[in-house]
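Asks: For reference, this is run-v9.cif, and it has mmCIF, C-alpha atoms and all ligand atoms.
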data_work
loop_
_atom_site.label_atom_id
_atom_site.label_comp_id
_atom_site.auth_asym_id
_atom_site.auth_seq_id
_atom_site.Cartn_x
_atom_site.Cartn_y
_atom_site.Cartn_z
CA MET K 1 83.06 63.02 78.93
CA ASN K 2 83.96 66.69 79.28
CA THR K 3 87.66 66.77 80.15
CA LYS K 4 88.13 70.52 79.89
CA LYS K 5 89.95 72.25 82.69
CA HIS K 6 88.01 74.93 84.53
CA ALA K 7 89.35 78.46 85.00
CA LEU K 8 87.99 81.43 86.91
CA VAL K 9 89.27 84.87 85.89
CA THR K 10 88.43 88.20 87.50
CA GLY K 11 88.10 91.25 85.28
CA GLY K 12 88.11 89.60 81.87
CA SER K 13 86.10 92.23 80.02
CA ARG K 14 89.08 93.89 78.31
CA GLY K 15 92.85 94.45 78.38
CA ILE K 16 95.09 91.86 80.02
CA GLY K 17 92.13 89.83 81.30
CA SER K 18 90.74 89.52 77.79
CA ALA K 19 94.12 88.30 76.51
CA ILE K 20 94.31 85.78 79.35
CA ILE K 21 90.86 84.43 78.46
CA ARG K 22 91.81 84.19 74.78
CA GLU K 23 94.93 82.25 75.72
CA LEU K 24 93.03 79.90 78.06
CA LEU K 25 90.31 79.23 75.48
CA GLY K 26 93.10 78.34 73.03
CA LEU K 27 94.35 75.84 75.60
CA HIS K 28 90.83 74.35 75.79
CA TYR K 29 89.87 75.64 79.20
CA GLU K 30 86.27 76.33 80.11
CA VAL K 31 86.37 79.86 81.51
CA TRP K 32 84.12 81.79 83.91
CA TYR K 33 84.96 85.48 84.25
CA LEU K 34 83.72 88.11 86.68
CA SER K 35 83.45 91.73 85.63
CA ARG K 36 80.85 94.45 85.60
CA THR K 37 80.74 94.59 81.79
CA LYS K 38 80.74 91.80 79.25
CA ASN K 39 83.65 91.17 76.90
CA GLU K 40 82.25 92.11 73.50
CA GLU K 41 85.29 90.77 71.59
CA LEU K 42 85.06 87.18 72.76
CA ASP K 43 82.14 84.90 72.06
CA ASN K 44 82.71 81.23 72.73
CA GLU K 45 80.57 78.40 74.02
CA SER K 46 83.24 77.66 76.64
CA LEU K 47 83.16 81.22 77.98
CA HIS K 48 80.75 82.35 80.70
CA HIS K 49 80.38 85.97 81.80
CA ILE K 50 79.21 86.42 85.37
CA PRO K 51 78.36 90.08 86.06
CA CYS K 52 79.89 91.00 89.39
CA ASP K 53 81.33 94.02 91.16
CA ILE K 54 84.45 92.53 92.70
CA ALA K 55 84.49 95.30 95.33
CA ASP K 56 81.16 94.12 96.73
CA ARG K 57 81.98 91.43 99.28
CA GLU K 58 78.52 89.86 99.47
CA GLU K 59 78.09 89.86 95.72
CA VAL K 60 81.49 88.21 95.27
CA GLU K 61 80.77 85.51 97.85
CA ARG K 62 77.32 84.77 96.38
CA THR K 63 78.69 84.68 92.83
CA LEU K 64 81.64 82.43 93.67
CA LYS K 65 79.38 79.98 95.48
CA ALA K 66 77.16 79.71 92.41
CA ILE K 67 80.12 79.23 90.02
CA ILE K 68 81.76 76.61 92.22
CA GLU K 69 78.47 74.70 92.40
CA GLU K 70 78.09 74.83 88.61
CA ALA K 71 81.72 74.07 87.72
CA SER K 72 82.20 71.56 90.59
CA GLU K 73 85.98 71.62 89.99
CA ILE K 74 88.23 74.66 89.61
CA ASP K 75 91.71 74.05 88.16
CA LEU K 76 92.83 77.66 87.79
CA LEU K 77 92.07 81.00 89.42
CA VAL K 78 93.48 84.17 87.87
CA ASN K 79 93.02 87.38 89.84
CA ASN K 80 93.37 90.09 87.23
CA ALA K 81 90.74 92.76 88.06
CA GLY K 82 92.40 96.02 88.98
CA ILE K 83 91.99 99.78 88.99
CA THR K 84 94.07 102.88 89.57
CA ARG K 85 92.99 106.03 91.45
CA ASP K 86 96.23 108.00 91.30
CA GLY K 87 97.07 111.04 93.38
CA LEU K 88 99.69 112.43 95.70
CA ILE K 89 99.34 111.22 99.30
CA MET K 90 98.60 114.67 100.72
CA ARG K 91 95.56 115.01 98.49
CA MET K 92 94.44 111.40 98.35
CA LYS K 93 90.80 110.96 99.30
CA ASP K 94 89.74 108.07 101.55
CA GLU K 95 87.63 106.67 98.68
CA ALA K 96 90.68 106.48 96.40
CA TRP K 97 92.45 104.37 99.01
CA ASP K 98 89.42 102.22 99.90
CA ASP K 99 88.35 101.57 96.29
CA VAL K 100 91.83 100.50 95.13
CA LEU K 101 92.38 98.22 98.13
CA ALA K 102 88.91 96.69 97.72
CA VAL K 103 89.17 95.98 93.98
CA ASN K 104 92.86 95.09 93.81
CA LEU K 105 93.55 93.31 97.10
CA SER K 106 90.47 92.36 99.15
CA SER K 107 88.97 90.70 96.06
CA VAL K 108 92.07 88.48 95.89
CA PHE K 109 91.51 87.41 99.50
CA LEU K 110 87.83 86.63 98.83
CA THR K 111 88.37 84.62 95.65
CA CYS K 112 91.39 82.75 97.01
CA ARG K 113 89.57 81.87 100.23
CA ALA K 114 86.62 80.42 98.33
CA VAL K 115 88.66 78.63 95.67
CA SER K 116 91.36 77.27 97.98
CA ARG K 117 88.69 75.26 99.81
CA ILE K 118 87.80 73.40 96.63
CA MET K 119 91.41 73.14 95.37
CA ALA K 120 92.57 71.75 98.72
CA ARG K 121 89.82 69.13 98.52
CA GLN K 122 90.84 68.29 94.92
CA ARG K 123 94.51 68.23 95.93
CA SER K 124 95.34 70.09 92.75
CA GLY K 125 95.06 73.55 91.28
CA ALA K 126 96.91 76.71 90.36
CA ILE K 127 96.36 80.33 91.35
CA VAL K 128 97.95 83.21 89.45
CA ASN K 129 97.58 86.71 90.87
CA ILE K 130 98.36 89.79 88.79
CA SER K 131 100.50 92.31 90.66
CA SER K 132 102.61 95.03 89.00
CA VAL K 133 106.17 96.34 88.83
CA VAL K 134 104.75 99.15 90.96
CA GLY K 135 104.24 96.62 93.76
CA ILE K 136 107.98 95.87 93.58
CA MET K 137 109.48 99.30 92.85
CA GLY K 138 106.84 101.77 94.11
CA ASN K 139 105.77 104.79 92.08
CA GLY K 140 105.10 108.38 93.18
CA GLY K 141 101.39 109.20 92.94
CA GLN K 142 100.38 105.58 93.37
CA THR K 143 100.72 104.81 97.10
CA ASN K 144 97.30 103.13 97.10
CA TYR K 145 98.01 101.07 93.98
CA ALA K 146 101.54 100.14 95.13
CA ALA K 147 100.21 99.02 98.53
CA SER K 148 97.59 96.84 96.86
CA LYS K 149 100.06 95.30 94.42
CA ALA K 150 102.78 94.72 97.05
CA GLY K 151 100.04 93.25 99.23
CA ILE K 152 99.25 90.74 96.50
CA ILE K 153 102.88 89.57 96.53
CA GLY K 154 103.03 89.00 100.30
CA PHE K 155 99.60 87.42 100.32
CA SER K 156 100.51 85.04 97.49
CA LYS K 157 103.77 83.93 99.09
CA ALA K 158 101.96 83.15 102.36
CA LEU K 159 99.20 81.30 100.52
CA ALA K 160 101.77 79.36 98.47
CA ARG K 161 103.22 78.07 101.73
CA GLU K 162 99.76 77.24 103.13
CA LEU K 163 98.55 75.31 100.09
CA ALA K 164 101.75 73.58 98.96
CA ALA K 165 101.02 70.44 100.99
CA ARG K 166 97.73 70.12 99.08
CA ASN K 167 99.51 70.32 95.71
CA VAL K 168 98.08 73.77 94.97
CA ARG K 169 100.54 76.26 93.48
CA VAL K 170 100.25 80.04 93.92
CA ASN K 171 102.27 82.45 91.77
CA VAL K 172 102.34 86.10 90.81
CA VAL K 173 102.83 87.84 87.48
CA ALA K 174 104.11 91.40 87.74
CA PRO K 175 103.49 93.24 84.46
CA GLY K 176 105.34 96.42 83.59
CA PHE K 177 103.95 99.00 81.17
CA ILE K 178 101.32 97.23 79.08
CA ASP K 179 99.24 98.71 76.26
CA THR K 180 95.64 98.58 77.60
CA SER K 181 92.85 101.01 78.54
CA MET K 182 94.58 101.44 81.92
CA THR K 183 97.60 103.07 80.25
CA GLU K 184 96.08 104.60 77.11
CA THR K 185 94.94 107.74 78.95
CA LEU K 186 98.56 108.69 79.71
CA ALA K 187 99.92 111.65 77.74
CA GLU K 188 102.26 110.75 74.85
CA GLU K 189 105.11 112.57 76.62
CA ALA K 190 104.62 110.49 79.77
CA LYS K 191 104.58 107.29 77.70
CA GLU K 192 107.81 108.24 75.94
CA LEU K 193 109.44 108.99 79.30
CA ILE K 194 108.40 105.61 80.72
CA LYS K 195 109.75 103.83 77.63
CA THR K 196 113.20 105.30 78.34
CA GLN K 197 113.13 103.37 81.65
CA ILE K 198 112.39 100.04 79.96
CA PRO K 199 115.51 98.14 78.83
CA LEU K 200 113.57 96.51 75.96
CA GLY K 201 112.48 100.02 74.95
CA ARG K 202 108.79 99.45 74.30
CA MET K 203 105.43 98.87 75.97
CA GLY K 204 104.36 95.27 76.48
CA MET K 205 101.34 93.64 74.91
CA ALA K 206 98.52 92.06 76.91
CA SER K 207 99.17 88.80 75.05
CA GLU K 208 102.72 88.74 76.45
CA VAL K 209 101.33 88.83 79.99
CA ALA K 210 98.77 86.14 79.10
CA LYS K 211 101.56 83.78 77.96
CA ALA K 212 103.24 84.07 81.36
CA VAL K 213 99.95 83.35 83.14
CA ALA K 214 99.36 80.29 80.94
CA PHE K 215 102.87 79.03 81.69
CA LEU K 216 102.46 79.36 85.48
CA ALA K 217 99.08 77.63 85.23
CA SER K 218 100.48 74.73 83.23
CA GLU K 219 102.18 71.48 84.18
CA ASP K 220 105.40 72.97 82.76
CA ALA K 221 105.48 75.03 85.96
CA SER K 222 104.76 72.05 88.25
CA TYR K 223 107.74 72.83 90.53
CA ILE K 224 107.13 76.60 90.71
CA THR K 225 105.21 78.11 93.62
CA GLY K 226 105.47 81.41 95.48
CA ALA K 227 107.29 82.98 92.53
CA VAL K 228 106.94 86.51 91.21
CA LEU K 229 107.46 86.60 87.45
CA PRO K 230 108.04 90.09 86.03
CA VAL K 231 106.74 90.64 82.48
CA ASP K 232 108.10 94.13 82.11
CA GLY K 233 110.78 94.38 79.43
CA GLY K 234 113.36 94.57 82.21
CA MET K 235 111.83 97.61 83.94
CA ALA K 236 112.29 96.23 87.48
CA ILE K 237 115.84 94.89 87.02
P1 LIG K 301 91.90 97.48 82.22
O1 LIG K 301 91.48 98.76 82.86
O2 LIG K 301 92.03 97.42 80.76
O3 LIG K 301 90.92 96.29 82.71
C1 LIG K 301 90.61 96.15 84.07
C2 LIG K 301 89.71 94.96 84.26
O4 LIG K 301 89.35 94.91 85.65
C3 LIG K 301 88.42 95.08 83.45
O5 LIG K 301 88.06 93.85 82.91
C4 LIG K 301 87.42 95.51 84.52
O6 LIG K 301 86.12 95.04 84.24
C5 LIG K 301 87.95 94.83 85.77
N1 LIG K 301 87.44 95.52 86.95
C6 LIG K 301 87.76 96.76 87.40
N2 LIG K 301 87.01 97.07 88.46
C7 LIG K 301 86.19 96.00 88.69
C8 LIG K 301 85.18 95.74 89.64
N3 LIG K 301 84.83 96.63 90.59
N4 LIG K 301 84.53 94.54 89.57
C9 LIG K 301 84.86 93.64 88.62
N5 LIG K 301 85.82 93.83 87.69
C10 LIG K 301 86.47 95.02 87.73
O7 LIG K 301 93.27 97.10 82.95
P2 LIG K 301 94.47 96.14 82.49
O8 LIG K 301 93.96 95.06 81.64
O9 LIG K 301 95.58 97.00 82.05
O10 LIG K 301 94.89 95.56 83.92
C11 LIG K 301 94.63 94.23 84.33
C12 LIG K 301 95.45 93.95 85.58
O11 LIG K 301 96.83 94.10 85.27
C13 LIG K 301 95.14 94.91 86.73
O12 LIG K 301 95.20 94.20 87.95
C14 LIG K 301 96.29 95.89 86.65
O13 LIG K 301 96.55 96.49 87.89
C15 LIG K 301 97.42 94.99 86.19
N6 LIG K 301 98.52 95.70 85.57
C16 LIG K 301 98.34 96.44 84.43
C17 LIG K 301 99.43 97.09 83.86
C18 LIG K 301 99.31 97.91 82.61
O14 LIG K 301 100.32 98.56 82.25
N7 LIG K 301 98.20 97.91 81.89
C19 LIG K 301 100.75 97.05 84.50
C20 LIG K 301 100.82 96.25 85.68
C21 LIG K 301 99.74 95.60 86.18
P3 LIG K 301 84.78 95.96 84.31
O15 LIG K 301 85.19 97.38 84.19
O16 LIG K 301 83.96 95.43 83.16
O17 LIG K 301 84.17 95.64 85.64
#
Please, can you express the file's structure as C-alpha cells?

Replies:
Amino acid sequence: MNTKKHALVTGGSRGIGSAIIRELLGLHYEVWYLSRTKNEELDNESLHHIPCDIADREEVERTLKAIIEEASEIDLLVNNAGITRDGLIMRMKDEAWDDVLAVNLSSVFLTCRAVSRIMARQRSGAIVNISSVVGIMGNGGQTNYAASKAGIIGFSKALARELAARNVRVNVVAPGFIDTSMTETLAEEAKELIKTQIPLGRMGMASEVAKAVAFLASEDASYITGAVLPVDGGMAI
C-alpha cells in the first residue's frame, strides 16, 4: 500500500519552491507542483509537474480539480508562487498592482478554497503560506508586494480559525532576504546595504526556508496554527 503523504506546492520550478520540494521528497512525500516552467534540477518518480499559470483563475480551478481527483487525499498545501513588480506608488501601473495581487494573494485564496474542502472532509491537513518580512515591515517601492504579503498573513489567521475545528492547521512562513532569482538581480551595493540590516549579517538560503516549512507541516508542529514564523536572520525583530 502506498502510504506516502501528498503535498501540493505552487511555484516549485526554482528558488525557495524548489528547496521546499527537495525537502518534502526527502521526507517521502509525493509532490504535485504548479508552475509555468518545469523544474529542471529535480527528477523524481514522486514528483509531478502540472503546468499552470497561477494568475489564471479558470486554469487554476481546472488544474486543482484534476490533481485532487488523482491524489484523492491532500495532506499539505504550500503556497509559494510569488512575483515582484516594484515601483514607487506615484508611477505604479495598474498591471503591476493587479499582477502581484493575482499571483501572490488571489492564488492563495483559490488553492486554499479548493484544498480546504478535501482537508475538512479528511479532518486532517496542513497549509503553509509563504509571506515575507515585507508583509510585516513594509518596504518603499513595494506597496503592491507588501499588500499581497500582509494579505496572506490576515487571510491565513482567519483560515486557521475557520479550519481548526476540522484539525487542519494553517501557518505562515515569512522569509527575509533569501538568495534566489528573485533577489539576484539586485545591485551588489543594494545587497550589501540590506545585509547591514540583518542581525545575522548574511542572506538566507532557500533550504533554510524549506526547513521551516517542513517543520510547520510536520506532527512536531501539531499544536501550532495561525502562526507567522519569520526566517529572516532577525531582520524583522
Ligand atoms: P523565484 O522568482 O525564484 O521563484 C518564483 C516561483 O513562483 C517560480 O517557481 C515561478 O514559477 C512561480 N511563479 C511565478 N509566477 C507564477 C505564475 N503566474 N504561475 C505559476 N507560478 C508562478 O522566487 P523565490 O523562490 O525567491 O520566492 C518564492 C516565494 O518566497 C515567493 O512567494 C516570494 O514572494 C517569497 N519570498 C522570497 C524572498 C526572497 O528573498 N527570495 C523573501 C521573502 C519572500 P514559473 O516562473 O515557472 O511559473

Asks: With all atoms listed in the file as the counted atoms, please give the residues lying no more than 6 Å from range 162-179 of chain K, apart from itself and same-chain residues fewer than 6 positions off, as an MDAnalysis selection string.

Replies: chainID K and resid 120 123:133 203:205 225:232

Asks: Could you report the residues within 7 Å of ligand LIG 301 (chain K), using only C-alpha atoms and all ligand atoms, as a PDB file with C-alpha atoms, in the coordinates of the input?

Replies:
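Contents of the output file pocket38.pdb:
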ATOM      1  CA  THR K  10      88.430  88.200  87.500  1.00  0.00           C
ATOM      2  CA  GLY K  11      88.100  91.250  85.280  1.00  0.00           C
ATOM      3  CA  GLY K  12      88.110  89.600  81.870  1.00  0.00           C
ATOM      4  CA  SER K  13      86.100  92.230  80.020  1.00  0.00           C
ATOM      5  CA  ARG K  14      89.080  93.890  78.310  1.00  0.00           C
ATOM      6  CA  GLY K  15      92.850  94.450  78.380  1.00  0.00           C
ATOM      7  CA  ILE K  16      95.090  91.860  80.020  1.00  0.00           C
ATOM      8  CA  GLY K  17      92.130  89.830  81.300  1.00  0.00           C
ATOM      9  CA  LEU K  34      83.720  88.110  86.680  1.00  0.00           C
ATOM     10  CA  SER K  35      83.450  91.730  85.630  1.00  0.00           C
ATOM     11  CA  ARG K  36      80.850  94.450  85.600  1.00  0.00           C
ATOM     12  CA  THR K  37      80.740  94.590  81.790  1.00  0.00           C
ATOM     13  CA  LYS K  38      80.740  91.800  79.250  1.00  0.00           C
ATOM     14  CA  CYS K  52      79.890  91.000  89.390  1.00  0.00           C
ATOM     15  CA  ASP K  53      81.330  94.020  91.160  1.00  0.00           C
ATOM     16  CA  ILE K  54      84.450  92.530  92.700  1.00  0.00           C
ATOM     17  CA  ALA K  55      84.490  95.300  95.330  1.00  0.00           C
ATOM     18  CA  ASN K  80      93.370  90.090  87.230  1.00  0.00           C
ATOM     19  CA  ALA K  81      90.740  92.760  88.060  1.00  0.00           C
ATOM     20  CA  GLY K  82      92.400  96.020  88.980  1.00  0.00           C
ATOM     21  CA  ILE K  83      91.990  99.780  88.990  1.00  0.00           C
ATOM     22  CA  VAL K 103      89.170  95.980  93.980  1.00  0.00           C
ATOM     23  CA  ASN K 104      92.860  95.090  93.810  1.00  0.00           C
ATOM     24  CA  ILE K 130      98.360  89.790  88.790  1.00  0.00           C
ATOM     25  CA  SER K 131     100.500  92.310  90.660  1.00  0.00           C
ATOM     26  CA  SER K 132     102.610  95.030  89.000  1.00  0.00           C
ATOM     27  CA  VAL K 133     106.170  96.340  88.830  1.00  0.00           C
ATOM     28  CA  ALA K 174     104.110  91.400  87.740  1.00  0.00           C
ATOM     29  CA  PRO K 175     103.490  93.240  84.460  1.00  0.00           C
ATOM     30  CA  GLY K 176     105.340  96.420  83.590  1.00  0.00           C
ATOM     31  CA  PHE K 177     103.950  99.000  81.170  1.00  0.00           C
ATOM     32  CA  ILE K 178     101.320  97.230  79.080  1.00  0.00           C
ATOM     33  CA  ASP K 179      99.240  98.710  76.260  1.00  0.00           C
ATOM     34  CA  THR K 180      95.640  98.580  77.600  1.00  0.00           C
ATOM     35  CA  SER K 181      92.850 101.010  78.540  1.00  0.00           C
ATOM     36  CA  MET K 182      94.580 101.440  81.920  1.00  0.00           C
ATOM     37  CA  THR K 183      97.600 103.070  80.250  1.00  0.00           C
TER      38      THR K 183
END

Asks: Measure the distance from CA of Ala190 in chain K to CA of Gly234 in chain K in Å and round it to one decimal.

Replies: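 For CA of Ala190 in chain K relative to CA of Gly234 in chain K, the distance reads 18.3 Å.
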
Asks: Give as an mmCIF file with C-alpha atoms, in the coordinates of the input each residue that has an atom at most 12 Å from (86.5, 98.7, 99.0) in the file, counting only C-alpha atoms.

Replies:
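Below is the file that was written, point.cif:
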data_model
loop_
_atom_site.group_PDB
_atom_site.id
_atom_site.type_symbol
_atom_site.label_atom_id
_atom_site.label_comp_id
_atom_site.auth_asym_id
_atom_site.auth_seq_id
_atom_site.Cartn_x
_atom_site.Cartn_y
_atom_site.Cartn_z
ATOM 1 C CA ASP K 53 81.330 94.020 91.160
ATOM 2 C CA ILE K 54 84.450 92.530 92.700
ATOM 3 C CA ALA K 55 84.490 95.300 95.330
ATOM 4 C CA ASP K 56 81.160 94.120 96.730
ATOM 5 C CA ARG K 57 81.980 91.430 99.280
ATOM 6 C CA GLU K 58 78.520 89.860 99.470
ATOM 7 C CA GLY K 82 92.400 96.020 88.980
ATOM 8 C CA ILE K 83 91.990 99.780 88.990
ATOM 9 C CA ASP K 94 89.740 108.070 101.550
ATOM 10 C CA GLU K 95 87.630 106.670 98.680
ATOM 11 C CA ALA K 96 90.680 106.480 96.400
ATOM 12 C CA TRP K 97 92.450 104.370 99.010
ATOM 13 C CA ASP K 98 89.420 102.220 99.900
ATOM 14 C CA ASP K 99 88.350 101.570 96.290
ATOM 15 C CA VAL K 100 91.830 100.500 95.130
ATOM 16 C CA LEU K 101 92.380 98.220 98.130
ATOM 17 C CA ALA K 102 88.910 96.690 97.720
ATOM 18 C CA VAL K 103 89.170 95.980 93.980
ATOM 19 C CA ASN K 104 92.860 95.090 93.810
ATOM 20 C CA LEU K 105 93.550 93.310 97.100
ATOM 21 C CA SER K 106 90.470 92.360 99.150
ATOM 22 C CA SER K 107 88.970 90.700 96.060
ATOM 23 C CA ASN K 144 97.300 103.130 97.100
ATOM 24 C CA SER K 148 97.590 96.840 96.860
#

Asks: Could you list, as a PyMOL selection string, every residue within 12 Å of Leu76 in chain K, counting all atoms listed in the file and ignoring same-chain residues fewer than 3 positions away?

Replies: chain K and resi 4-10+20-21+24+29-33+68+71+73+79+111-112+115-116+118-119+122+124-129+168-171+213-219

Asks: Quick one: residues within 8 Å of Ile89 in chain K, only C-alpha atoms, excluding same-chain residues fewer than 3 positions away - as a compact mmCIF listing (two decimals) with C-alpha atoms, in the coordinates of the input?

Replies:
# COMPACT_ATOMS: atom_id res chain seq x y z
CA MET K 92 94.44 111.40 98.35
CA GLY K 141 101.39 109.20 92.94
CA THR K 143 100.72 104.81 97.10

Asks: I'd like to know which of K:Ile67, K:Leu77, K:Ala19, K:Ile224 is closest to Ser207 in chain K, using all atoms listed in the file.

Replies: K:Ala19

Asks: For Arg91 in chain K, which of K:Ser156, K:Asn39, K:Glu69, K:Gln142 is the closest residue, counting all atoms listed in the file?

Replies: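 Selected residue with least distance to Arg91 in chain K: K:Gln142.
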
Asks: Could you please determine the separation between CA of Arg117 in chain K and CA of Ile74 in chain K in Å, to one decimal place?

Replies: 10.2 Å

Asks: Have a look at K:Ile152, K:Ala221, K:Ala146, K:Ala66 and name the one nearest to Phe109 in chain K; count all atoms listed in the file.

Replies: K:Ile152

Asks: How many Å lie between CA of Asn44 in chain K and CA of Arg22 in chain K, rounded to one decimal?

Replies: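 It comes out at 9.8 Å.
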
Asks: In terms of the shortest atom-to-atom distance over all atoms listed in the file, which of K:Leu47, K:Arg113, K:Glu23, K:Pro199 is closest to Ala236 in chain K?

Replies: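 When distances to Ala236 in chain K are compared using all atoms listed in the file, the smallest one comes from K:Pro199.
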
Asks: Rebuild range 136-144 of chain K to all heavy atoms - output it as a JSON list (two decimals), keeping the file's coordinate frame, please.

Replies:
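Contents of rebuild13.json, as written:
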[["chain", "number", "residue", "atom", "x", "y", "z"],
["K", 136, "ILE", "N", 106.59, 96.22, 93.27],
["K", 136, "ILE", "CA", 107.98, 95.87, 93.58],
["K", 136, "ILE", "C", 108.81, 97.14, 93.78],
["K", 136, "ILE", "O", 109.58, 97.27, 94.72],
["K", 136, "ILE", "CB", 108.59, 95.04, 92.41],
["K", 136, "ILE", "CG1", 107.80, 93.72, 92.23],
["K", 136, "ILE", "CG2", 110.07, 94.76, 92.65],
["K", 136, "ILE", "CD1", 108.15, 92.96, 90.96],
["K", 137, "MET", "N", 108.61, 98.12, 92.88],
["K", 137, "MET", "CA", 109.48, 99.30, 92.85],
["K", 137, "MET", "C", 108.87, 100.53, 93.53],
["K", 137, "MET", "O", 109.56, 101.48, 93.84],
["K", 137, "MET", "CB", 109.77, 99.70, 91.39],
["K", 137, "MET", "CG", 110.41, 98.62, 90.55],
["K", 137, "MET", "SD", 110.32, 99.06, 88.80],
["K", 137, "MET", "CE", 111.49, 100.40, 88.72],
["K", 138, "GLY", "N", 107.52, 100.54, 93.68],
["K", 138, "GLY", "CA", 106.84, 101.77, 94.11],
["K", 138, "GLY", "C", 106.75, 102.75, 92.95],
["K", 138, "GLY", "O", 107.42, 102.58, 91.92],
["K", 139, "ASN", "N", 105.89, 103.76, 93.10],
["K", 139, "ASN", "CA", 105.77, 104.79, 92.08],
["K", 139, "ASN", "C", 105.07, 106.00, 92.69],
["K", 139, "ASN", "O", 103.98, 105.84, 93.26],
["K", 139, "ASN", "CB", 104.95, 104.26, 90.88],
["K", 139, "ASN", "CG", 104.97, 105.21, 89.70],
["K", 139, "ASN", "OD1", 105.92, 105.97, 89.54],
["K", 139, "ASN", "ND2", 103.94, 105.16, 88.88],
["K", 140, "GLY", "N", 105.71, 107.17, 92.62],
["K", 140, "GLY", "CA", 105.10, 108.38, 93.18],
["K", 140, "GLY", "C", 103.72, 108.60, 92.59],
["K", 140, "GLY", "O", 103.53, 108.43, 91.39],
["K", 141, "GLY", "N", 102.75, 108.96, 93.42],
["K", 141, "GLY", "CA", 101.39, 109.20, 92.94],
["K", 141, "GLY", "C", 100.53, 107.95, 92.95],
["K", 141, "GLY", "O", 99.36, 107.99, 92.57],
["K", 142, "GLN", "N", 101.13, 106.84, 93.37],
["K", 142, "GLN", "CA", 100.38, 105.58, 93.37],
["K", 142, "GLN", "C", 100.56, 104.81, 94.69],
["K", 142, "GLN", "O", 100.73, 103.59, 94.67],
["K", 142, "GLN", "CB", 100.83, 104.68, 92.20],
["K", 142, "GLN", "CG", 100.43, 105.21, 90.83],
["K", 142, "GLN", "CD", 100.52, 104.12, 89.75],
["K", 142, "GLN", "OE1", 101.56, 103.50, 89.60],
["K", 142, "GLN", "NE2", 99.44, 103.92, 89.02],
["K", 143, "THR", "N", 100.53, 105.52, 95.82],
["K", 143, "THR", "CA", 100.72, 104.81, 97.10],
["K", 143, "THR", "C", 99.64, 103.75, 97.30],
["K", 143, "THR", "O", 99.92, 102.65, 97.80],
["K", 143, "THR", "CB", 100.71, 105.79, 98.29],
["K", 143, "THR", "OG1", 99.57, 106.64, 98.15],
["K", 143, "THR", "CG2", 101.99, 106.61, 98.35],
["K", 144, "ASN", "N", 98.41, 104.09, 96.93],
["K", 144, "ASN", "CA", 97.30, 103.13, 97.10],
["K", 144, "ASN", "C", 97.51, 101.90, 96.21],
["K", 144, "ASN", "O", 97.41, 100.75, 96.65],
["K", 144, "ASN", "CB", 95.95, 103.80, 96.84],
["K", 144, "ASN", "CG", 95.89, 104.59, 95.53],
["K", 144, "ASN", "OD1", 96.88, 104.69, 94.79],
["K", 144, "ASN", "ND2", 94.74, 105.15, 95.23]]
